[in-house]
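Trainee: To be precise about what I am sending: the file is called final14.txt and holds compact mmCIF, C-alpha atoms and all ligand atoms.
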# COMPACT_ATOMS: atom_id res chain seq x y z
CA MET A 4 -48.43 6.58 16.23
CA GLN A 5 -50.83 9.55 16.35
CA LEU A 6 -49.73 12.70 18.21
CA GLN A 7 -50.93 16.27 18.47
CA PHE A 8 -48.45 19.14 18.07
CA GLY A 9 -50.49 22.17 19.17
CA SER A 10 -53.19 22.67 16.52
CA PHE A 11 -51.88 19.99 14.17
CA PRO A 12 -52.31 16.21 14.20
CA VAL A 13 -49.00 14.43 13.60
CA ALA A 14 -48.60 10.83 12.42
CA VAL A 15 -45.25 9.19 13.15
CA GLY A 16 -44.18 6.20 11.08
CA SER A 17 -41.64 4.20 13.06
CA SER A 18 -41.45 1.03 10.99
CA VAL A 19 -40.07 0.10 7.62
CA GLU A 20 -43.64 -0.59 6.40
CA MET A 21 -44.89 2.89 7.36
CA ALA A 22 -41.76 4.57 6.01
CA LYS A 23 -42.48 2.84 2.67
CA VAL A 24 -46.12 3.97 2.77
CA PHE A 25 -45.23 7.60 3.53
CA LEU A 26 -42.23 7.87 1.24
CA LYS A 27 -43.12 5.51 -1.63
CA THR A 28 -46.60 3.96 -1.99
CA MET A 29 -48.65 6.99 -0.91
CA ASP A 30 -45.88 9.59 -1.09
CA ILE A 31 -47.84 12.02 -3.28
CA ASN A 32 -50.02 12.79 -0.22
CA PHE A 33 -47.08 13.63 2.00
CA VAL A 34 -44.63 15.35 -0.29
CA GLY A 35 -45.54 18.88 0.91
CA ARG A 36 -43.85 20.75 3.74
CA PRO A 37 -45.50 22.60 6.62
CA LYS A 38 -45.39 26.41 6.33
CA THR A 39 -42.87 27.12 9.03
CA ALA A 40 -41.49 30.46 10.14
CA ALA A 41 -38.02 29.26 9.11
CA GLY A 42 -39.21 28.69 5.54
CA LYS A 43 -40.86 32.09 5.48
CA TYR A 44 -38.15 34.22 7.02
CA THR A 45 -34.91 32.42 6.23
CA THR A 46 -35.55 31.12 2.69
CA TYR A 47 -37.13 34.07 0.87
CA ASN A 48 -40.74 33.11 1.61
CA TYR A 49 -40.39 29.40 0.72
CA SER A 50 -38.45 30.14 -2.51
CA ASP A 51 -35.72 27.57 -1.86
CA ILE A 52 -35.88 23.84 -2.57
CA THR A 53 -36.19 22.57 1.00
CA TRP A 54 -39.20 24.63 2.10
CA SER A 55 -40.98 25.19 -1.22
CA PRO A 56 -44.45 23.62 -1.36
CA TYR A 57 -45.04 20.65 -3.64
CA GLY A 58 -45.88 22.01 -7.11
CA SER A 59 -44.36 23.07 -10.40
CA TYR A 60 -41.78 25.46 -8.85
CA TRP A 61 -40.40 22.70 -6.63
CA ARG A 62 -40.52 20.11 -9.46
CA GLN A 63 -38.58 22.48 -11.68
CA ALA A 64 -36.03 23.02 -8.89
CA ARG A 65 -35.54 19.27 -8.52
CA ARG A 66 -35.05 18.95 -12.30
CA MET A 67 -32.38 21.66 -12.09
CA CYS A 68 -30.63 19.69 -9.35
CA LEU A 69 -30.75 16.48 -11.37
CA MET A 70 -29.81 17.85 -14.78
CA GLU A 71 -27.58 20.79 -13.92
CA LEU A 72 -26.37 21.21 -10.38
CA PHE A 73 -25.69 17.65 -9.25
CA SER A 74 -25.33 15.84 -12.56
CA ALA A 75 -22.58 13.20 -12.52
CA LYS A 76 -20.68 15.24 -15.15
CA ARG A 77 -20.76 18.42 -13.06
CA LEU A 78 -19.80 16.61 -9.85
CA ASP A 79 -16.91 14.92 -11.68
CA SER A 80 -15.74 18.27 -13.05
CA TYR A 81 -15.29 19.47 -9.46
CA GLU A 82 -13.30 16.42 -8.40
CA TYR A 83 -10.08 18.51 -8.40
CA ILE A 84 -11.63 20.90 -5.85
CA ARG A 85 -12.43 18.06 -3.47
CA ALA A 86 -8.93 16.67 -3.91
CA GLU A 87 -7.25 20.05 -3.28
CA GLU A 88 -9.33 20.80 -0.21
CA LEU A 89 -8.74 17.34 1.21
CA HIS A 90 -5.04 17.79 0.70
CA SER A 91 -5.27 21.11 2.49
CA ILE A 92 -6.95 19.61 5.60
CA LEU A 93 -4.38 16.81 5.72
CA HIS A 94 -1.61 19.40 5.50
CA ASN A 95 -3.15 21.58 8.23
CA LEU A 96 -3.77 18.64 10.56
CA ASN A 97 -0.21 17.47 10.06
CA LYS A 98 1.08 20.94 11.03
CA ILE A 99 -0.73 20.72 14.35
CA SER A 100 -0.05 17.06 15.05
CA GLY A 101 0.51 16.08 18.66
CA LYS A 102 -1.72 18.82 20.07
CA PRO A 103 -5.42 18.45 20.93
CA ILE A 104 -7.70 19.85 18.23
CA LEU A 105 -11.44 20.33 17.80
CA LEU A 106 -11.89 18.22 14.69
CA LYS A 107 -15.26 19.74 13.72
CA ASP A 108 -13.60 23.11 13.02
CA TYR A 109 -11.35 21.51 10.43
CA LEU A 110 -14.17 19.42 8.95
CA THR A 111 -16.47 22.46 8.63
CA THR A 112 -13.71 24.38 6.90
CA LEU A 113 -13.17 21.46 4.54
CA SER A 114 -16.83 21.06 3.55
CA LEU A 115 -17.40 24.83 3.42
CA ASN A 116 -14.41 25.31 1.15
CA VAL A 117 -15.48 22.45 -1.13
CA ILE A 118 -19.07 23.67 -1.40
CA SER A 119 -18.24 27.36 -1.73
CA ARG A 120 -15.73 26.71 -4.51
CA MET A 121 -18.30 24.53 -6.34
CA VAL A 122 -21.24 26.88 -5.74
CA LEU A 123 -19.66 30.33 -5.55
CA GLY A 124 -16.54 29.75 -7.64
CA LYS A 125 -14.11 30.62 -4.84
CA ARG A 126 -13.73 30.25 -1.16
CA TYR A 127 -15.16 33.70 -0.40
CA LEU A 128 -14.05 33.04 3.12
CA ASP A 129 -10.37 33.74 2.73
CA GLU A 130 -9.43 36.86 4.66
CA SER A 131 -6.95 37.56 1.89
CA GLU A 132 -9.64 37.68 -0.80
CA ASN A 133 -11.04 40.90 0.62
CA SER A 134 -14.22 39.02 1.35
CA ILE A 135 -17.31 40.65 2.78
CA VAL A 136 -17.55 38.18 5.66
CA THR A 137 -14.85 36.56 7.74
CA PRO A 138 -14.74 32.75 7.85
CA ASP A 139 -15.78 32.78 11.50
CA GLU A 140 -18.73 35.07 10.86
CA PHE A 141 -19.83 32.95 7.93
CA LYS A 142 -19.63 29.74 9.96
CA LYS A 143 -21.68 31.39 12.71
CA VAL A 144 -24.31 32.49 10.18
CA LEU A 145 -24.51 28.96 8.75
CA ASP A 146 -24.74 27.46 12.26
CA GLU A 147 -27.58 29.86 13.06
CA LEU A 148 -29.34 28.96 9.79
CA PHE A 149 -29.09 25.27 10.60
CA LEU A 150 -30.22 25.78 14.18
CA LEU A 151 -33.21 27.95 13.27
CA ASN A 152 -34.32 25.55 10.52
CA GLY A 153 -34.31 22.64 13.00
CA VAL A 154 -35.95 24.24 16.05
CA LEU A 155 -39.43 23.47 17.37
CA ASN A 156 -40.90 26.97 17.03
CA ILE A 157 -44.13 27.25 19.05
CA GLY A 158 -45.82 29.47 16.44
CA ASP A 159 -45.43 26.71 13.82
CA SER A 160 -47.61 24.36 15.90
CA ILE A 161 -49.91 26.93 17.54
CA PRO A 162 -50.42 29.58 14.82
CA TRP A 163 -52.50 31.91 17.02
CA LEU A 164 -49.47 32.30 19.30
CA ASP A 165 -47.19 33.03 16.39
CA PHE A 166 -47.33 36.82 16.73
CA MET A 167 -45.87 36.63 20.25
CA ASP A 168 -42.69 34.88 19.09
CA LEU A 169 -42.39 33.35 22.58
CA GLN A 170 -38.93 31.83 22.03
CA GLY A 171 -37.53 34.78 20.11
CA TYR A 172 -36.74 32.54 17.12
CA VAL A 173 -38.59 34.66 14.55
CA LYS A 174 -36.64 37.73 15.60
CA ARG A 175 -33.40 35.78 15.16
CA MET A 176 -34.59 34.53 11.73
CA LYS A 177 -35.17 38.08 10.55
CA VAL A 178 -31.72 39.21 11.71
CA LEU A 179 -30.13 36.19 10.06
CA SER A 180 -31.89 36.62 6.73
CA LYS A 181 -30.68 40.22 6.50
CA LYS A 182 -27.07 39.13 7.06
CA PHE A 183 -27.33 36.29 4.56
CA ASP A 184 -29.02 38.50 1.99
CA LYS A 185 -26.22 41.05 2.15
CA PHE A 186 -23.72 38.31 1.39
CA LEU A 187 -25.83 36.73 -1.40
CA GLU A 188 -26.47 40.10 -3.05
CA HIS A 189 -22.72 40.65 -3.17
CA VAL A 190 -22.21 37.18 -4.67
CA LEU A 191 -24.82 37.70 -7.40
CA ASP A 192 -23.52 41.17 -8.29
CA GLU A 193 -19.98 39.84 -8.64
CA HIS A 194 -21.15 36.93 -10.77
CA ASN A 195 -23.30 39.12 -13.03
CA ALA A 196 -20.41 41.54 -13.53
CA LYS A 197 -18.20 38.65 -14.68
CA ARG A 198 -20.91 37.20 -16.92
CA ASN A 199 -21.67 40.55 -18.56
CA ALA A 200 -18.01 41.29 -19.27
CA VAL A 201 -17.60 38.39 -21.72
CA GLU A 202 -19.65 37.30 -24.69
CA ASN A 203 -20.76 33.66 -24.64
CA TYR A 204 -19.61 33.32 -21.04
CA VAL A 205 -19.34 29.72 -19.94
CA ALA A 206 -20.73 28.90 -16.50
CA LYS A 207 -17.94 28.08 -14.09
CA ASP A 208 -19.82 27.44 -10.86
CA MET A 209 -23.34 26.67 -9.65
CA VAL A 210 -24.30 30.35 -9.18
CA ASP A 211 -23.36 30.93 -12.83
CA VAL A 212 -25.61 28.00 -13.78
CA LEU A 213 -28.49 29.36 -11.69
CA LEU A 214 -28.09 32.86 -13.17
CA GLN A 215 -28.10 31.34 -16.64
CA LEU A 216 -31.31 29.48 -15.78
CA ALA A 217 -32.78 32.72 -14.42
CA ASP A 218 -32.16 34.30 -17.85
CA ASP A 219 -33.78 31.37 -19.68
CA PRO A 220 -37.09 32.53 -21.25
CA THR A 221 -38.15 28.93 -21.91
CA LEU A 222 -38.29 27.97 -18.23
CA GLU A 223 -41.79 26.85 -17.19
CA ILE A 224 -41.64 29.10 -14.14
CA LYS A 225 -39.34 32.09 -14.07
CA LEU A 226 -36.49 31.74 -11.63
CA GLU A 227 -36.31 35.13 -9.93
CA ARG A 228 -33.29 36.72 -8.30
CA HIS A 229 -34.58 35.79 -4.82
CA GLY A 230 -34.97 32.18 -6.06
CA VAL A 231 -31.33 32.13 -7.16
CA LYS A 232 -30.32 33.45 -3.73
CA ALA A 233 -32.52 30.88 -1.95
CA PHE A 234 -31.13 27.93 -3.97
CA THR A 235 -27.58 29.14 -3.41
CA GLN A 236 -28.20 29.35 0.32
CA ASP A 237 -29.70 25.80 0.33
CA MET A 238 -26.59 24.41 -1.26
CA LEU A 239 -24.19 26.23 1.06
CA ALA A 240 -26.17 25.05 4.10
CA GLY A 241 -26.92 21.52 2.80
CA GLY A 242 -23.35 20.94 1.73
CA THR A 243 -21.56 22.07 4.88
CA GLU A 244 -22.97 20.95 8.20
CA SER A 245 -24.29 17.43 7.38
CA SER A 246 -21.01 16.19 5.92
CA ALA A 247 -18.90 17.64 8.76
CA VAL A 248 -21.22 16.22 11.43
CA THR A 249 -21.20 12.75 9.82
CA VAL A 250 -17.41 12.51 9.69
CA GLU A 251 -17.04 13.81 13.27
CA TRP A 252 -19.49 11.13 14.51
CA ALA A 253 -17.71 8.43 12.49
CA ILE A 254 -14.31 9.25 13.96
CA SER A 255 -15.79 9.48 17.48
CA GLU A 256 -17.36 6.01 17.09
CA LEU A 257 -14.09 4.63 15.77
CA LEU A 258 -12.12 6.11 18.67
CA LYS A 259 -14.44 4.24 21.02
CA LYS A 260 -13.76 0.98 19.18
CA PRO A 261 -9.98 0.76 18.64
CA LYS A 262 -10.25 -2.75 17.11
CA ILE A 263 -12.58 -1.53 14.38
CA PHE A 264 -10.39 1.53 13.90
CA LYS A 265 -7.38 -0.73 13.36
CA LYS A 266 -9.31 -2.89 10.89
CA ALA A 267 -10.36 0.18 8.87
CA THR A 268 -6.81 1.52 8.77
CA GLU A 269 -5.45 -1.88 7.77
CA GLU A 270 -7.99 -2.12 4.96
CA LEU A 271 -7.07 1.36 3.74
CA ASP A 272 -3.41 0.43 3.85
CA ARG A 273 -4.13 -2.75 1.93
CA VAL A 274 -6.24 -1.11 -0.75
CA ILE A 275 -4.44 2.20 -1.15
CA GLY A 276 -1.12 1.35 0.27
CA GLN A 277 0.42 2.84 2.96
CA ASN A 278 -51.51 11.33 2.81
CA ARG A 279 -56.02 9.76 4.22
CA TRP A 280 -56.74 6.05 4.46
CA VAL A 281 -53.28 4.76 4.30
CA ALA A 282 -52.48 1.08 4.72
CA GLY A 283 -55.32 0.66 7.15
CA TYR A 284 -54.45 3.86 9.07
CA ASP A 285 -56.89 6.79 9.02
CA ILE A 286 -54.75 9.87 8.48
CA PRO A 287 -56.88 13.01 8.20
CA LYS A 288 -55.99 15.59 5.57
CA GLY A 289 -53.66 18.20 7.00
CA THR A 290 -51.86 15.71 9.24
CA ARG A 291 -48.14 16.31 9.42
CA VAL A 292 -46.32 13.09 8.79
CA LEU A 293 -42.95 12.24 10.29
CA VAL A 294 -40.88 9.17 9.53
CA SER A 295 -38.88 8.23 12.60
CA VAL A 296 -35.63 7.03 11.09
CA TRP A 297 -34.27 7.07 14.66
CA THR A 298 -36.75 4.33 15.74
CA ILE A 299 -36.26 2.31 12.56
CA GLY A 300 -32.51 2.47 13.04
CA ARG A 301 -32.88 1.07 16.58
CA ASP A 302 -35.41 -1.68 15.75
CA SER A 303 -33.93 -4.91 17.11
CA THR A 304 -36.01 -7.00 14.69
CA LEU A 305 -34.09 -5.31 11.88
CA TRP A 306 -30.69 -4.75 13.43
CA ASP A 307 -28.58 -6.98 15.60
CA GLU A 308 -27.45 -4.93 18.68
CA PRO A 309 -28.89 -1.74 17.13
CA GLU A 310 -27.19 0.60 19.63
CA ALA A 311 -23.71 -0.81 18.93
CA PHE A 312 -21.34 0.73 16.42
CA LYS A 313 -20.76 -2.27 14.18
CA PRO A 314 -19.89 -1.04 10.68
CA GLU A 315 -19.12 -4.62 9.67
CA ARG A 316 -22.88 -5.31 9.80
CA PHE A 317 -23.09 -3.68 6.36
CA LEU A 318 -20.62 -6.15 4.93
CA GLU A 319 -23.15 -8.92 5.45
CA LYS A 320 -26.10 -7.02 3.90
CA SER A 321 -26.67 -5.63 0.43
CA ILE A 322 -28.19 -2.43 1.73
CA ASP A 323 -27.63 1.08 0.42
CA VAL A 324 -28.28 4.59 1.70
CA LYS A 325 -29.87 5.94 -1.48
CA GLY A 326 -33.53 5.63 -0.47
CA HIS A 327 -34.16 2.08 -1.74
CA ASP A 328 -33.81 0.29 1.56
CA PHE A 329 -36.27 1.67 4.09
CA GLU A 330 -34.32 0.27 7.04
CA LEU A 331 -31.64 2.93 6.48
CA LEU A 332 -32.64 6.39 5.29
CA PRO A 333 -29.95 8.98 6.10
CA PHE A 334 -30.91 11.01 3.00
CA GLY A 335 -34.67 10.30 3.17
CA ALA A 336 -36.40 8.56 0.24
CA GLY A 337 -38.83 9.28 -2.57
CA ARG A 338 -39.59 12.59 -4.24
CA ARG A 339 -38.25 14.77 -1.42
CA MET A 340 -35.10 12.79 -0.87
CA CYS A 341 -31.90 14.79 -0.52
CA PRO A 342 -30.83 15.98 -4.00
CA GLY A 343 -27.24 16.47 -2.81
CA TYR A 344 -26.72 12.91 -1.60
CA SER A 345 -24.11 11.96 -4.20
CA LEU A 346 -22.01 15.01 -3.39
CA GLY A 347 -22.49 14.35 0.36
CA LEU A 348 -21.31 10.75 -0.07
CA LYS A 349 -18.28 11.73 -2.13
CA VAL A 350 -17.16 14.30 0.45
CA ILE A 351 -17.81 12.03 3.45
CA GLN A 352 -16.20 8.91 2.02
CA ALA A 353 -13.12 10.68 0.68
CA SER A 354 -12.52 12.73 3.81
CA LEU A 355 -13.07 9.85 6.23
CA ALA A 356 -10.84 7.50 4.26
CA ASN A 357 -8.04 10.08 3.94
CA LEU A 358 -8.21 11.09 7.59
CA LEU A 359 -8.06 7.48 8.79
CA HIS A 360 -5.32 6.56 6.37
CA GLY A 361 -3.28 9.70 6.96
CA PHE A 362 -3.14 9.88 10.76
CA LYS A 363 -2.82 7.96 13.98
CA TRP A 364 -5.69 9.17 16.17
CA SER A 365 -5.84 9.37 19.94
CA LEU A 366 -7.81 11.02 22.71
CA PRO A 367 -6.19 13.90 24.62
CA ASP A 368 -5.03 13.86 28.25
CA ASN A 369 -5.04 10.08 28.59
CA MET A 370 -8.81 10.00 28.13
CA THR A 371 -10.08 6.44 27.69
CA PRO A 372 -12.49 5.47 24.89
CA GLU A 373 -15.16 4.80 27.57
CA GLU A 374 -14.84 8.40 28.79
CA LEU A 375 -15.53 9.87 25.36
CA ASN A 376 -18.91 11.61 25.57
CA MET A 377 -21.37 10.59 22.81
CA GLU A 378 -24.38 12.77 23.70
CA GLU A 379 -26.31 14.44 20.86
CA ILE A 380 -28.00 17.81 20.35
CA PHE A 381 -31.55 17.65 18.98
CA GLY A 382 -31.77 19.53 15.67
CA LEU A 383 -31.61 19.32 11.92
CA SER A 384 -28.26 17.55 11.76
CA THR A 385 -27.94 16.01 15.28
CA PRO A 386 -24.40 17.18 16.04
CA LYS A 387 -22.34 16.05 19.00
CA LYS A 388 -23.18 17.84 22.25
CA PHE A 389 -19.49 18.13 23.04
CA PRO A 390 -17.26 18.58 19.99
CA LEU A 391 -14.65 15.86 19.56
CA SER A 392 -11.26 16.88 20.88
CA THR A 393 -8.57 14.61 19.50
CA VAL A 394 -4.85 14.38 18.77
CA VAL A 395 -3.50 13.35 15.39
CA GLU A 396 -0.03 12.15 14.38
CA PRO A 397 1.02 11.60 10.77
CA ARG A 398 1.52 7.96 9.72
CA LEU A 399 2.52 8.40 6.07
CA PRO A 400 5.70 9.82 4.48
CA SER A 401 5.95 13.56 5.24
CA LYS A 402 6.07 14.58 1.56
CA LEU A 403 2.43 13.51 1.27
CA TYR A 404 1.36 16.28 3.64
CA SER A 405 3.10 19.11 1.86
CA VAL A 406 1.11 21.60 -0.22
C1 LIG B 1 -24.18 13.96 4.80
C2 LIG B 1 -24.74 14.64 3.92
C3 LIG B 1 -26.21 14.87 3.83
C4 LIG B 1 -27.25 14.29 4.52
C5 LIG B 1 -27.17 13.23 5.60
C6 LIG B 1 -28.47 14.87 4.02
C7 LIG B 1 -29.74 14.52 4.45
C8 LIG B 1 -30.92 15.07 3.95
C9 LIG B 1 -32.26 14.69 4.36
C10 LIG B 1 -32.58 13.60 5.40
C11 LIG B 1 -33.13 15.45 3.67
C12 LIG B 1 -34.68 15.47 3.82
C13 LIG B 1 -35.35 14.41 2.97
C14 LIG B 1 -36.87 14.41 3.13
O1 LIG B 1 -37.48 15.47 3.45
O2 LIG B 1 -37.47 13.32 2.97
C15 LIG B 1 -32.37 16.35 2.82
C16 LIG B 1 -32.91 17.28 1.98
C17 LIG B 1 -32.18 18.18 1.24
N1 LIG B 1 -30.78 18.20 1.12
FE1 LIG B 1 -29.49 16.96 2.00
N2 LIG B 1 -28.16 15.79 3.06
C18 LIG B 1 -26.79 15.82 2.91
C19 LIG B 1 -26.05 16.57 2.01
C20 LIG B 1 -26.58 17.54 1.20
C21 LIG B 1 -25.82 18.34 0.26
C22 LIG B 1 -24.33 18.17 0.01
C23 LIG B 1 -26.70 19.22 -0.32
C24 LIG B 1 -26.45 20.30 -1.35
C25 LIG B 1 -25.30 20.77 -1.64
C26 LIG B 1 -28.02 18.95 0.24
C27 LIG B 1 -29.17 19.64 -0.10
C28 LIG B 1 -30.45 19.27 0.30
C29 LIG B 1 -31.68 19.95 -0.15
C30 LIG B 1 -31.76 21.18 -1.08
C31 LIG B 1 -32.76 19.26 0.43
C32 LIG B 1 -34.27 19.58 0.29
C33 LIG B 1 -34.90 18.67 -0.78
C34 LIG B 1 -36.40 18.92 -1.00
O3 LIG B 1 -37.09 19.34 -0.06
O4 LIG B 1 -36.87 18.63 -2.11
N3 LIG B 1 -27.91 17.92 1.15
N4 LIG B 1 -31.01 16.08 3.00
What do you get writing this file as structure tokens?
Ligand code: HEM
Mentor:
Amino acid sequence: MQLQFGSFPVAVGSSVEMAKVFLKTMDINFVGRPKTAAGKYTTYNYSDITWSPYGSYWRQARRMCLMELFSAKRLDSYEYIRAEELHSILHNLNKISGKPILLKDYLTTLSLNVISRMVLGKRYLDESENSIVTPDEFKKVLDELFLLNGVLNIGDSIPWLDFMDLQGYVKRMKVLSKKFDKFLEHVLDEHNAKRNAVENYVAKDMVDVLLQLADDPTLEIKLERHGVKAFTQDMLAGGTESSAVTVEWAISELLKKPKIFKKATEELDRVIGQNRWVAGYDIPKGTRVLVSVWTIGRDSTLWDEPEAFKPERFLEKSIDVKGHDFELLPFGAGRRMCPGYSLGLKVIQASLANLLHGFKWSLPDNMTPEELNMEEIFGLSTPKKFPLSTVVEPRLPSKLYSV
């Protein structure tokens, strides 16, 4: 499908065949990113991984992700953090059992704590740690970052209108980047102080690893201080919202389908115990290409009852989410695929399984499953329009919830 977004032609691939063309066969032509205001103002002038143009800087960043930041060894070494933080959410939910809660708040805290301990070396968000931002402020800043990186900013499609900032987004981006920079400067100063105090300091967290890489004279392209800040910000943002949103949707879908919920709990109990001419399409240079995973996911020639929540459909198919099967691309595919997918999967699977196994779930105020609202908000991570309010009750021995 050919569209026009302001000054730019846009080609939308809504089939498995076109997804494969854009993301695999001809991917080299489409691996760039448009120069958006978000990339300019919120990620140090495209110095992060997400918004950096295709080229040696971005390739080097992806190598760092693969070899250093998200290597299996490093992710395994942080297993204890995921376990501790999961335990902490189970404990906190148990404390408030019987009363309606907004689950997303707990899930965001969980993923933020996991990612900040892995990336920053500590929670940074604990009031007690004399931190420079409060948890609520930090969550708001991350929400704003996610929102502003997912908005349709008029100036990005009609560049001659850019200077007017008609929606006020650019102004908000500038305010946000100042706030984030203050925090990241503090983080880097603290890390450098620790590194300089000890000879042969061994990297303990991802910021340490990035600072070490920034000191490496053999790097093909020097990683500057603003690059370290931009990568750090990418990881904090990438690692928080997507995982929390996924688990909130999963539990909402399960609450609507009590039979499937029961089956999942029973299984847990059983297992654990209690770019131009492309494939015949003429795509002019400069066309922005979008792969509509939404349309592919709702294609009735691929999926039986595509709108229905039927997790058991995956039991019958050998299909994975790691960019090999173009029918299902939650992390994208090809060169620009999500580099944090393995961490995302670990956090999502462990938290969902523990939450289902650990609690009986119900809707508040005698709400029926049919009444549960499932509307979405358009944006980078498609969160729920109305956060899930739910009641939990422990279903395992109480000693398991203690800290
Ligand atoms: C549920 C979890 C997650 C989902 C669904 C998800 C999804 C995605 C998607 C769809 C993309 C774009 C792929 C493309 O442009 O073709 C992406 C890119 C990215 N993700 Fe994730 N992600 C998740 C978790 C994470 C985590 C945990 C991190 C880091 C800690 C992360 C960091 C990134 C980065 C840096 C990029 C940009 C890659 C590039 O442009 O080269 N993501 N993610």
Trainee: Per residue of chain A within 9 Å of ligand LIG 1 (chain B), note the shortest atom pair and the distance in Å to one decimal, counting only C-alpha atoms and all ligand atoms, and order the rows by chain and increasing residue number, as a Markdown table.
Mentor:
| residue | atom | partner | partner_atom | distance |
| --- | --- | --- | --- | --- |
| A:Leu26 | CA | B:LIG1 | O2 | 7.4 |
| A:Val34 | CA | B:LIG1 | O1 | 8.1 |
| A:Gly35 | CA | B:LIG1 | O3 | 8.5 |
| A:Arg36 | CA | B:LIG1 | O3 | 7.9 |
| A:Asp51 | CA | B:LIG1 | C30 | 7.6 |
| A:Ile52 | CA | B:LIG1 | C30 | 5.1 |
| A:Thr53 | CA | B:LIG1 | O3 | 3.5 |
| A:Trp54 | CA | B:LIG1 | O3 | 6.1 |
| A:Ser55 | CA | B:LIG1 | O3 | 7.1 |
| A:Pro56 | CA | B:LIG1 | O3 | 8.6 |
| A:Tyr57 | CA | B:LIG1 | O4 | 8.6 |
| A:Trp61 | CA | B:LIG1 | O4 | 7.0 |
| A:Arg62 | CA | B:LIG1 | O4 | 8.3 |
| A:Ala64 | CA | B:LIG1 | O4 | 8.1 |
| A:Arg65 | CA | B:LIG1 | O4 | 6.6 |
| A:Cys68 | CA | B:LIG1 | C30 | 8.5 |
| A:Leu72 | CA | B:LIG1 | C25 | 8.8 |
| A:Phe73 | CA | B:LIG1 | C25 | 8.2 |
| A:Ser114 | CA | B:LIG1 | C22 | 8.8 |
| A:Ile118 | CA | B:LIG1 | C25 | 6.9 |
| A:Val122 | CA | B:LIG1 | C25 | 8.4 |
| A:Phe234 | CA | B:LIG1 | C30 | 7.4 |
| A:Thr235 | CA | B:LIG1 | C25 | 8.9 |
| A:Asp237 | CA | B:LIG1 | C30 | 5.3 |
| A:Met238 | CA | B:LIG1 | C25 | 3.9 |
| A:Leu239 | CA | B:LIG1 | C25 | 6.2 |
| A:Ala240 | CA | B:LIG1 | C25 | 7.2 |
| A:Gly241 | CA | B:LIG1 | C26 | 3.8 |
| A:Gly242 | CA | B:LIG1 | C22 | 3.4 |
| A:Thr243 | CA | B:LIG1 | C22 | 6.8 |
| A:Glu244 | CA | B:LIG1 | C2 | 7.8 |
| A:Ser245 | CA | B:LIG1 | C1 | 4.3 |
| A:Ser246 | CA | B:LIG1 | C1 | 4.0 |
| A:Ala247 | CA | B:LIG1 | C1 | 7.6 |
| A:Val248 | CA | B:LIG1 | C1 | 7.6 |
| A:Thr249 | CA | B:LIG1 | C1 | 6.0 |
| A:Val250 | CA | B:LIG1 | C1 | 8.5 |
| A:Val294 | CA | B:LIG1 | O2 | 8.5 |
| A:Leu332 | CA | B:LIG1 | C10 | 7.2 |
| A:Pro333 | CA | B:LIG1 | C5 | 5.1 |
| A:Phe334 | CA | B:LIG1 | C10 | 3.9 |
| A:Gly335 | CA | B:LIG1 | O2 | 4.1 |
| A:Ala336 | CA | B:LIG1 | O2 | 5.6 |
| A:Gly337 | CA | B:LIG1 | O2 | 7.0 |
| A:Arg338 | CA | B:LIG1 | O4 | 7.0 |
| A:Arg339 | CA | B:LIG1 | O4 | 4.2 |
| A:Met340 | CA | B:LIG1 | C13 | 4.2 |
| A:Cys341 | CA | B:LIG1 | C16 | 3.7 |
| A:Pro342 | CA | B:LIG1 | C28 | 5.4 |
| A:Gly343 | CA | B:LIG1 | C23 | 3.7 |
| A:Tyr344 | CA | B:LIG1 | C19 | 5.2 |
| A:Ser345 | CA | B:LIG1 | C22 | 7.5 |
| A:Leu346 | CA | B:LIG1 | C22 | 5.2 |
| A:Gly347 | CA | B:LIG1 | C2 | 4.2 |
| A:Leu348 | CA | B:LIG1 | C1 | 6.5 |
| A:Val350 | CA | B:LIG1 | C22 | 8.2 |
| A:Ile351 | CA | B:LIG1 | C1 | 6.8 |
| A:Leu383 | CA | B:LIG1 | C10 | 8.7 |
| A:Ser384 | CA | B:LIG1 | C5 | 7.6 |
Trainee: Would you please work out which residue, of A:Gly158, A:Leu318, A:Gly326, A:Val144, is nearest to Lys181 of chain A when using all atoms listed in the file?
Mentor: A:Val144
Trainee: Determine, counting only C-alpha atoms, which protein, DNA and RNA residues have an atom within 8 Å of an atom of Phe389 of chain A; residues of the same chain fewer than 3 positions away are not included. Present the result as a compact mmCIF listing (two decimals) with C-alpha atoms, in the frame of the given file.
Mentor:
# COMPACT_ATOMS: atom_id res chain seq x y z
CA ASN A 376 -18.91 11.61 25.57
CA MET A 377 -21.37 10.59 22.81
CA GLU A 378 -24.38 12.77 23.70
Trainee: Closest to Asn357 of chain A among A:Leu93, A:Leu78, A:Leu213, A:Val178, using all atoms listed in the file?
Mentor: A:Leu93
Trainee: Can you tell me, as a CSV table (one decimal) with C-alpha atoms, in the coordinates of the input, what residues are no more than 12 Å from Leu399 of chain A when counting only C-alpha atoms, ignoring any on the same chain fewer than 5 positions away?
Mentor:
chain,number,residue,atom,x,y,z
A,93,LEU,CA,-4.4,16.8,5.7
A,94,HIS,CA,-1.6,19.4,5.5
A,97,ASN,CA,-0.2,17.5,10.1
A,268,THR,CA,-6.8,1.5,8.8
A,272,ASP,CA,-3.4,0.4,3.8
A,275,ILE,CA,-4.4,2.2,-1.2
A,276,GLY,CA,-1.1,1.4,0.3
A,277,GLN,CA,0.4,2.8,3.0
A,357,ASN,CA,-8.0,10.1,3.9
A,358,LEU,CA,-8.2,11.1,7.6
A,359,LEU,CA,-8.1,7.5,8.8
A,360,HIS,CA,-5.3,6.6,6.4
A,361,GLY,CA,-3.3,9.7,7.0
A,362,PHE,CA,-3.1,9.9,10.8
A,363,LYS,CA,-2.8,8.0,14.0
A,404,TYR,CA,1.4,16.3,3.6
A,405,SER,CA,3.1,19.1,1.9
